[in-house]
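Novice: The following file, query_10.cif, comprises mmCIF, C-alpha atoms:
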```
data_my_file
loop_
_atom_site.label_atom_id
_atom_site.label_comp_id
_atom_site.auth_asym_id
_atom_site.auth_seq_id
_atom_site.Cartn_x
_atom_site.Cartn_y
_atom_site.Cartn_z
CA MET A 1 147.40 28.86 -89.07
CA SER A 2 146.69 31.78 -86.76
CA ARG A 3 147.70 35.29 -87.85
CA HIS A 4 149.68 35.31 -84.59
CA ALA A 5 152.04 32.59 -85.78
CA THR A 6 155.28 32.69 -83.80
CA THR A 7 158.84 32.79 -85.06
CA GLY A 8 159.23 29.10 -84.24
CA GLU A 9 156.14 28.26 -86.27
CA VAL A 10 157.47 30.28 -89.19
CA LEU A 11 160.69 28.26 -89.03
CA ALA A 12 158.64 25.05 -89.16
CA LEU A 13 156.95 26.29 -92.34
CA ILE A 14 160.31 27.06 -93.93
CA ARG A 15 161.83 23.71 -92.89
CA SER A 16 158.89 21.78 -94.31
CA GLY A 17 158.93 23.75 -97.57
CA GLU A 18 155.35 24.88 -97.05
CA ALA A 19 156.42 28.53 -97.12
CA VAL A 20 159.66 29.54 -98.88
CA THR A 21 159.16 33.28 -99.42
CA ARG A 22 157.93 36.11 -97.26
CA ALA A 23 154.79 36.25 -99.39
CA ASP A 24 154.21 32.53 -98.75
CA ILE A 25 154.53 33.07 -95.01
CA GLY A 26 152.05 35.92 -95.08
CA ARG A 27 149.60 33.88 -97.14
CA VAL A 28 149.80 30.78 -94.94
CA THR A 29 149.82 32.55 -91.57
CA GLY A 30 147.86 35.73 -92.19
CA LEU A 31 150.68 37.76 -90.64
CA SER A 32 151.19 41.33 -91.81
CA ARG A 33 154.27 42.17 -93.87
CA PRO A 34 155.99 43.90 -90.90
CA ALA A 35 155.24 40.89 -88.68
CA VAL A 36 156.64 38.50 -91.29
CA SER A 37 159.77 40.65 -91.64
CA LEU A 38 160.23 40.68 -87.85
CA ARG A 39 160.04 36.91 -87.56
CA VAL A 40 162.23 36.25 -90.56
CA GLY A 41 164.73 38.76 -89.22
CA GLU A 42 164.93 36.86 -85.92
CA LEU A 43 165.58 33.62 -87.77
CA LEU A 44 168.25 35.23 -89.96
CA GLU A 45 169.92 36.70 -86.88
CA ARG A 46 170.09 33.27 -85.26
CA SER A 47 171.45 31.72 -88.50
CA LEU A 48 168.51 29.33 -88.67
CA VAL A 49 167.56 30.45 -92.19
CA VAL A 50 169.39 31.96 -95.13
CA GLU A 51 168.19 33.97 -98.10
CA ARG A 52 168.66 32.82 -101.69
CA THR A 53 168.22 35.00 -104.75
CA ASP A 54 168.96 32.35 -107.35
CA ALA A 55 165.37 31.17 -107.78
CA PRO A 56 163.97 31.20 -111.34
CA SER A 57 162.19 34.42 -112.25
CA THR A 58 158.84 34.68 -113.96
CA GLY A 59 159.60 38.27 -114.96
CA GLY A 60 161.10 41.14 -113.00
CA ARG A 61 163.21 40.60 -109.87
CA PRO A 62 163.44 36.95 -108.79
CA PRO A 63 161.80 36.25 -105.44
CA VAL A 64 164.05 35.94 -102.39
CA ARG A 65 163.77 32.38 -101.18
CA LEU A 66 164.14 31.43 -97.54
CA GLU A 67 165.92 28.16 -96.76
CA PHE A 68 166.59 26.37 -93.53
CA ASN A 69 170.29 26.74 -92.73
CA ALA A 70 171.62 23.31 -91.79
CA ALA A 71 175.08 24.86 -91.37
CA GLY A 72 173.78 27.35 -88.80
CA GLY A 73 174.86 25.22 -85.86
CA VAL A 74 175.72 21.72 -84.71
CA VAL A 75 174.53 19.10 -82.26
CA LEU A 76 176.76 16.71 -80.35
CA VAL A 77 175.70 13.07 -80.33
CA ALA A 78 176.90 9.79 -78.87
CA ALA A 79 175.55 6.26 -79.30
CA LEU A 80 176.95 4.14 -76.49
CA GLY A 81 176.96 0.36 -76.73
CA ALA A 82 177.92 -2.26 -74.19
CA SER A 83 181.42 -2.26 -75.68
CA ARG A 84 181.44 -0.01 -78.77
CA THR A 85 180.66 3.68 -78.97
CA ARG A 86 180.10 6.12 -81.84
CA VAL A 87 180.54 9.86 -81.22
CA ALA A 88 179.79 12.58 -83.74
CA VAL A 89 179.13 16.22 -84.49
CA CYS A 90 176.11 16.68 -86.78
CA ASP A 91 174.72 19.71 -88.58
CA LEU A 92 171.16 20.95 -88.05
CA ALA A 93 169.86 18.55 -90.69
CA GLY A 94 171.33 15.60 -88.79
CA ASN A 95 174.19 14.98 -91.22
CA GLU A 96 177.42 13.81 -89.61
CA VAL A 97 180.19 16.34 -90.19
CA ALA A 98 182.81 14.72 -87.94
CA GLY A 99 182.79 11.42 -86.10
CA ARG A 100 184.77 8.78 -84.30
CA ARG A 101 184.26 5.13 -83.34
CA PHE A 102 186.02 3.40 -80.49
CA HIS A 103 185.71 0.67 -77.89
CA ILE A 104 184.93 1.76 -74.36
CA ASP A 105 183.75 -0.22 -71.36
CA VAL A 106 180.64 1.60 -70.16
CA GLU A 107 180.85 -0.31 -66.88
CA GLN A 108 183.70 2.03 -65.91
CA GLY A 109 180.92 4.42 -64.96
CA PRO A 110 179.94 7.99 -65.75
CA ASP A 111 182.94 9.54 -63.99
CA VAL A 112 185.19 7.89 -66.60
CA VAL A 113 182.98 7.62 -69.67
CA LEU A 114 181.37 11.07 -69.78
CA PRO A 115 184.68 13.02 -69.69
CA ILE A 116 185.93 10.83 -72.57
CA LEU A 117 182.81 11.65 -74.59
CA MET A 118 183.05 15.38 -73.88
CA ASP A 119 186.77 15.50 -74.68
CA THR A 120 186.02 13.72 -77.96
CA TRP A 121 183.31 16.25 -78.82
CA GLU A 122 185.77 19.06 -78.12
CA GLU A 123 188.24 17.51 -80.53
CA LEU A 124 185.62 16.91 -83.21
CA LEU A 125 184.36 20.49 -82.94
CA GLY A 126 187.77 21.70 -84.10
CA ASP A 127 187.65 25.39 -84.90
CA ARG A 128 183.88 25.66 -84.55
CA PRO A 129 182.91 28.05 -81.74
CA ARG A 130 181.22 26.62 -78.66
CA SER A 131 178.28 28.93 -79.40
CA ALA A 132 177.54 26.82 -82.50
CA VAL A 133 176.45 23.89 -80.30
CA ARG A 134 172.65 23.79 -80.10
CA GLY A 135 172.11 20.56 -78.16
CA VAL A 136 173.36 17.13 -77.13
CA GLY A 137 171.75 13.73 -77.80
CA MET A 138 172.83 10.41 -76.29
CA GLY A 139 171.75 6.80 -76.48
CA VAL A 140 172.84 4.47 -73.65
CA PRO A 141 172.44 0.68 -73.18
CA ALA A 142 170.15 1.00 -70.16
CA THR A 143 166.58 1.75 -69.26
CA VAL A 144 166.20 5.53 -69.16
CA GLU A 145 163.61 7.72 -67.48
CA PHE A 146 163.46 10.01 -70.50
CA ALA A 147 161.99 13.14 -68.92
CA GLU A 148 164.88 13.39 -66.44
CA GLY A 149 167.62 11.66 -68.44
CA ARG A 150 168.09 9.25 -65.53
CA THR A 151 169.49 5.76 -66.11
CA GLU A 152 167.49 3.20 -64.18
CA SER A 153 168.76 -0.21 -65.25
CA ALA A 154 171.13 -2.05 -62.95
CA ARG A 155 171.75 -4.87 -65.43
CA VAL A 156 174.09 -3.58 -68.13
CA MET A 157 175.36 -0.31 -66.64
CA ALA A 158 175.28 -1.06 -62.93
CA SER A 159 177.54 1.87 -62.03
CA TRP A 160 175.16 4.27 -63.82
CA THR A 161 172.02 3.31 -61.90
CA GLY A 162 170.15 6.42 -60.78
CA VAL A 163 172.55 8.81 -62.54
CA VAL A 164 170.93 11.90 -64.07
CA ILE A 165 173.15 12.51 -67.09
CA PRO A 166 172.07 15.93 -68.50
CA PRO A 167 173.37 18.11 -65.63
CA LEU A 168 176.78 16.43 -65.85
CA ILE A 169 177.10 17.31 -69.53
CA ARG A 170 175.69 20.83 -69.13
CA GLN A 171 178.61 21.62 -66.82
CA ARG A 172 180.68 21.82 -70.00
CA PHE A 173 178.08 22.27 -72.75
CA ASP A 174 175.29 24.48 -71.46
CA VAL A 175 172.64 23.40 -73.98
CA PRO A 176 169.63 21.07 -73.94
CA VAL A 177 170.73 17.46 -73.32
CA LEU A 178 168.49 14.51 -74.21
CA VAL A 179 169.23 10.91 -73.21
CA ASP A 180 167.36 7.77 -74.24
CA ASN A 181 167.75 4.02 -74.38
CA ASP A 182 170.12 2.91 -77.15
CA VAL A 183 167.52 0.80 -78.95
CA ASN A 184 165.03 3.67 -78.94
CA VAL A 185 167.51 5.90 -80.75
CA LEU A 186 168.28 3.09 -83.21
CA ALA A 187 164.56 2.76 -83.90
CA VAL A 188 164.19 6.52 -84.42
CA GLY A 189 167.22 6.65 -86.69
CA GLU A 190 166.12 3.66 -88.75
CA HIS A 191 162.57 4.96 -89.13
CA ARG A 192 163.48 8.55 -89.98
CA GLY A 193 166.37 7.60 -92.23
CA ALA A 194 164.95 4.60 -94.10
CA TYR A 195 161.23 4.02 -93.49
CA ARG A 196 159.56 7.37 -92.88
CA GLU A 197 157.85 7.47 -96.27
CA GLU A 198 156.77 3.82 -96.05
CA THR A 199 155.26 3.41 -92.61
CA GLY A 200 154.66 5.01 -89.24
CA ASP A 201 154.61 1.69 -87.37
CA LEU A 202 157.93 -0.07 -86.95
CA LEU A 203 159.47 -2.43 -84.41
CA PHE A 204 163.27 -2.30 -84.27
CA VAL A 205 164.88 -5.29 -82.58
CA LYS A 206 168.54 -5.17 -81.61
CA ILE A 207 170.14 -8.58 -81.28
CA SER A 208 173.67 -8.14 -80.03
CA THR A 209 175.37 -8.49 -76.65
CA ARG A 210 171.83 -8.13 -75.35
CA ILE A 211 168.35 -8.08 -76.87
CA GLY A 212 166.02 -5.08 -76.83
CA ALA A 213 163.43 -3.32 -78.95
CA GLY A 214 162.41 0.18 -79.92
CA ILE A 215 158.80 0.85 -80.92
CA VAL A 216 157.75 3.50 -83.44
CA ALA A 217 153.97 3.96 -83.38
CA SER A 218 152.21 6.42 -85.70
CA GLY A 219 155.61 7.96 -86.50
CA SER A 220 156.72 8.59 -82.90
CA ILE A 221 158.82 6.59 -80.48
CA LEU A 222 156.77 4.81 -77.83
CA ARG A 223 158.57 5.00 -74.49
CA GLY A 224 155.78 4.05 -72.11
CA ALA A 225 154.96 5.72 -68.79
CA LEU A 226 158.54 5.81 -67.47
CA GLY A 227 160.67 4.81 -70.45
CA ALA A 228 160.59 1.04 -70.02
CA ALA A 229 158.68 0.15 -73.22
CA GLY A 230 160.49 -2.26 -75.52
CA GLU A 231 162.21 -4.39 -72.86
CA ILE A 232 161.46 -7.59 -74.77
CA GLY A 233 164.79 -9.06 -73.69
CA HIS A 234 163.23 -9.83 -70.32
CA ILE A 235 160.24 -11.75 -71.58
CA PRO A 236 160.72 -15.44 -70.63
CA VAL A 237 160.68 -18.23 -73.20
CA ARG A 238 159.52 -21.84 -72.88
CA ASP A 239 162.05 -24.60 -72.31
CA GLY A 240 164.88 -22.17 -71.62
CA GLY A 241 166.71 -24.59 -69.33
CA GLY A 242 166.43 -22.57 -66.12
CA VAL A 243 169.02 -19.91 -66.99
CA LEU A 244 169.18 -17.10 -64.44
CA CYS A 245 168.98 -13.68 -66.08
CA ARG A 246 170.73 -10.56 -64.83
CA CYS A 247 167.32 -9.09 -64.02
CA GLY A 248 166.72 -11.89 -61.50
CA ASN A 249 164.14 -13.83 -63.52
CA ILE A 250 164.55 -17.20 -65.21
CA ASP A 251 164.86 -17.93 -68.96
CA CYS A 252 164.50 -14.37 -70.27
CA VAL A 253 165.12 -14.38 -74.02
CA ASP A 254 168.13 -12.10 -73.42
CA SER A 255 169.70 -14.74 -71.17
CA VAL A 256 169.18 -17.65 -73.59
CA ALA A 257 169.37 -16.18 -77.12
CA SER A 258 171.54 -13.05 -77.11
CA GLY A 259 175.07 -12.92 -78.47
CA THR A 260 176.39 -13.35 -74.93
CA ALA A 261 174.21 -16.42 -74.43
CA LEU A 262 175.26 -17.94 -77.75
CA LEU A 263 178.94 -17.61 -76.92
CA ARG A 264 178.35 -19.12 -73.47
CA GLU A 265 176.47 -22.13 -74.87
CA LEU A 266 179.00 -22.76 -77.63
CA ARG A 267 181.90 -22.64 -75.18
CA ALA A 268 180.05 -25.08 -72.93
CA ALA A 269 179.76 -27.35 -75.96
CA GLY A 270 183.53 -27.26 -76.42
CA LYS A 271 183.72 -24.70 -79.23
CA ASP A 272 186.66 -22.29 -79.25
CA VAL A 273 184.76 -19.05 -79.72
CA LYS A 274 185.72 -15.68 -78.30
CA THR A 275 183.67 -13.32 -80.47
CA ILE A 276 180.68 -13.32 -82.81
CA ASP A 277 183.13 -13.42 -85.71
CA ASP A 278 184.28 -16.85 -84.46
CA VAL A 279 180.69 -18.07 -84.52
CA THR A 280 180.29 -16.74 -88.06
CA ALA A 281 183.38 -18.67 -89.13
CA LEU A 282 181.92 -21.91 -87.74
CA ILE A 283 178.64 -21.34 -89.59
CA ARG A 284 180.46 -20.69 -92.84
CA ALA A 285 182.44 -23.86 -92.28
CA GLY A 286 179.17 -25.77 -92.04
CA ASP A 287 179.46 -26.75 -88.36
CA ALA A 288 176.16 -28.52 -87.69
CA GLN A 289 176.14 -28.03 -83.91
CA THR A 290 176.74 -24.29 -84.19
CA MET A 291 174.07 -24.00 -86.86
CA ALA A 292 171.56 -25.81 -84.64
CA MET A 293 172.30 -23.52 -81.68
CA VAL A 294 171.94 -20.40 -83.80
CA ARG A 295 168.63 -21.65 -85.20
CA GLU A 296 167.39 -22.42 -81.68
CA ALA A 297 168.28 -18.88 -80.58
CA GLY A 298 166.29 -17.56 -83.54
CA ARG A 299 163.32 -19.74 -82.58
CA ARG A 300 163.33 -18.35 -79.06
CA ILE A 301 163.56 -14.76 -80.26
CA GLY A 302 160.78 -15.45 -82.76
CA GLU A 303 158.59 -16.78 -79.95
CA VAL A 304 158.86 -13.47 -78.11
CA LEU A 305 158.49 -11.36 -81.25
CA ALA A 306 155.32 -13.21 -82.24
CA GLY A 307 153.68 -11.87 -79.09
CA ALA A 308 154.99 -8.37 -79.78
CA VAL A 309 153.65 -8.48 -83.33
CA ASN A 310 150.21 -9.54 -82.05
CA ILE A 311 150.16 -6.65 -79.57
CA LEU A 312 151.69 -3.87 -81.70
CA ASN A 313 150.77 -4.86 -85.27
CA PRO A 314 153.80 -3.14 -86.88
CA SER A 315 154.19 -2.82 -90.65
CA VAL A 316 157.82 -3.88 -90.46
CA VAL A 317 160.09 -5.59 -87.95
CA VAL A 318 163.67 -4.43 -88.46
CA LEU A 319 166.41 -6.71 -87.14
CA GLY A 320 169.64 -4.95 -86.22
CA GLY A 321 172.72 -5.54 -84.09
CA ASP A 322 175.82 -7.54 -84.91
CA VAL A 323 174.23 -10.94 -84.21
CA ALA A 324 171.25 -10.30 -86.51
CA GLU A 325 173.54 -8.91 -89.20
CA ALA A 326 175.92 -11.89 -89.01
CA PHE A 327 173.63 -14.90 -88.83
CA GLY A 328 171.28 -15.63 -91.71
CA PRO A 329 170.02 -18.87 -90.11
CA LEU A 330 168.97 -16.98 -86.97
CA VAL A 331 166.97 -14.46 -89.02
CA SER A 332 165.34 -17.28 -90.99
CA SER A 333 164.25 -18.97 -87.77
CA ILE A 334 162.83 -15.72 -86.42
CA ARG A 335 160.77 -15.21 -89.57
CA GLU A 336 159.48 -18.77 -89.54
CA VAL A 337 158.26 -18.61 -85.94
CA VAL A 338 156.76 -15.11 -86.16
CA TYR A 339 154.73 -15.92 -89.27
CA ARG A 340 153.59 -19.23 -87.80
CA ARG A 341 152.63 -18.00 -84.34
CA SER A 342 151.31 -14.47 -84.92
CA THR A 343 147.73 -13.87 -86.04
CA ALA A 344 146.91 -13.92 -89.75
CA LEU A 345 145.81 -10.28 -89.74
CA ALA A 346 148.93 -9.05 -87.93
CA THR A 347 151.19 -10.78 -90.47
CA ARG A 348 149.15 -10.15 -93.62
CA ARG A 349 151.44 -7.32 -94.73
CA LEU A 350 154.22 -7.70 -92.19
CA ARG A 351 157.81 -7.48 -93.39
CA ILE A 352 160.73 -8.78 -91.36
CA GLU A 353 163.99 -7.45 -92.73
CA PRO A 354 167.53 -6.46 -91.76
CA SER A 355 168.47 -2.94 -90.79
CA ARG A 356 169.07 -0.68 -93.77
CA LEU A 357 171.30 1.75 -91.87
CA GLY A 358 173.24 -0.61 -89.63
CA ALA A 359 175.23 1.00 -86.82
CA ALA A 360 174.76 4.44 -88.41
CA ALA A 361 171.15 4.39 -87.18
CA GLY A 362 172.40 5.16 -83.66
CA ILE A 363 174.04 8.45 -84.60
CA SER A 364 171.11 9.37 -86.83
CA GLY A 365 168.60 8.64 -84.08
CA CYS A 366 170.48 10.68 -81.49
CA ALA A 367 170.62 13.61 -83.91
CA VAL A 368 166.91 13.36 -84.75
CA MET A 369 166.01 13.19 -81.06
CA VAL A 370 167.83 16.36 -80.11
CA LEU A 371 167.01 18.28 -83.31
CA ASP A 372 163.30 17.59 -82.97
CA HIS A 373 163.57 19.20 -79.55
CA VAL A 374 165.83 22.20 -80.14
CA LEU A 375 164.20 23.13 -83.47
CA SER A 376 160.63 22.73 -82.26
CA ALA A 377 158.51 25.88 -82.44
CA GLU A 378 158.36 26.07 -78.65
CA ALA A 379 162.12 25.73 -78.16
CA VAL A 380 162.91 28.28 -80.86
CA ASP A 381 160.46 30.78 -79.35
CA ASP A 382 161.87 30.23 -75.85
CA SER A 383 165.39 30.90 -77.10
CA LEU A 384 164.56 34.32 -78.56
#
```
Re-express the file's structure as structure tokens.
Specialist:
Amino acid sequence: MSRHATTGEVLALIRSGEAVTRADIGRVTGLSRPAVSLRVGELLERSLVVERTDAPSTGGRPPVRLEFNAAGGVVLVAALGASRTRVAVCDLAGNEVAGRRFHIDVEQGPDVVLPILMDTWEELLGDRPRSAVRGVGMGVPATVEFAEGRTESARVMASWTGVVIPPLIRQRFDVPVLVDNDVNVLAVGEHRGAYREETGDLLFVKISTRIGAGIVASGSILRGALGAAGEIGHIPVRDGGGVLCRCGNIDCVDSVASGTALLRELRAAGKDVKTIDDVTALIRAGDAQTMAMVREAGRRIGEVLAGAVNILNPSVVVLGGDVAEAFGPLVSSIREVVYRRSTALATRRLRIEPSRLGAAAGISGCAVMVLDHVLSAEAVDDSL
């Protein structure tokens, strides 16, 4: 590293554990002792690092260790779903320190939903000063133009179409605000929290009210040119029956195999089902017709995923969302079709498995997204 290493770069060394004393920093960066002291002083002043004197001594005074201070601030996060939302305050290591779950209809629009989120954050902050807030991260069930934080999808959140979210939140919390698609943040959370040491290539598939995917490639989320990567829900399947999708196309996998589609088909078949839990009860009771419909949904999803596996060659496909978590037969059908229809090389070491974090991946992913931004070397240097 250059002898002109910045304060933000010094923080990165401390966070990674590569340099944990002033002497380490000088050795790694080539900075002079006064320059090291200046940069460490700036980090101490901003509560981003703390000093520890309890390190083991090899003789004489023990060295003063520098540690990243996860308690030096908080980030506000929210993972919005089509019907369920999780809101939390997390420390600078991404650990949830206060949270709340509730049902909210996102179709009420930003004028209703965003004030509820911000009021909830205020309550969860408690006695913490507003100055402790370092950033905001949100996941929303819509296509998002990530650079601007603009929702573009007119399918799930019609009243949000074209809304640029960050300025609306900065009216109350004047900090960096990052917004992404809900499945992208689930993919980030799942990868960082459960798979980071195993692989850098992961495909997260959410099967719930709708179907979508988040792609982690070489350790980073793949958003595409404008944020539309991962929209596998709108890939058509064969023999879908001519079902019109909300996007305007026919037989998209979202329209024929999502939780919403399953409930619609079962009701049409005369089944008294109102929720996914009702479908689960029928499966447990051994209802053959319900089992066949669930397996057919899995086959259709597997058909689409086989193409995604051939294109992306992930190490692991993670299946999340309440439908995937509830229906073993659906997951079995997905596995069967993917392994049969994908290339031998793409599936040689491929694992298809359920989410390890469940719904918690949303909060984790939102926190990672905003922390990677506000604690980057560039952002830290700009804030000084």
Novice: Could you jot down the CA of Val183 (chain A) to CA of Gly241 (chain A) separation for me, Å, one decimal place?
Specialist: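 It comes out at 27.2 Å.
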Novice: Could you list, as a PyMOL selection string, every residue matched by the PyMOL selection byres ((chain A and resi 201-213) around 7) in this structure?
Specialist: chain A and resi 183+187+199-200+214-219+230-233+254+258-260+314-324
Novice: Written as a PyMOL selection string, which residues does the PyMOL selection byres ((chain A and resi 42-49) around 8) give for the file shown?
Specialist: chain A and resi 7+11+38-41+50-51+66-70+72-73+384
Novice: Written as a PyMOL selection string, which residues does the PyMOL selection byres ((chain A and resi 114) around 12) give for the file shown?
Specialist: chain A and resi 78+80+85+87+104-113+115-121+138+140+160+163-172
Novice: Need the shell around Cys366 (chain A): protein/DNA/RNA residues with any atom at most 10 Å away, counting only C-alpha atoms. Skip same-chain ones fewer than 3 positions apart. Format as a ChimeraX atom specification?
Specialist: /A:75-79,88,90,94,136-139,178-180,182,184-186,188-189,361-363,369-371
Novice: One decimal, in Å: what's the spacing between CA of Glu123 (chain A) and CA of Gly99 (chain A)?
Specialist: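 Going from CA of Glu123 (chain A) over to CA of Gly99 (chain A), I get 9.9 Å.
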Novice: Would you compute, for all listed atoms of region 167-182 of chain A, the axis-aligned bounding box grown by 5 Å on each side, and then report its centre and edge lengths in Å rounded to one decimal, as AutoDock Vina command-line options?
Specialist:
```
--center_x 174.0 --center_y 13.7 --center_z -71.4 --size_x 23.3 --size_y 31.6 --size_z 21.5
```
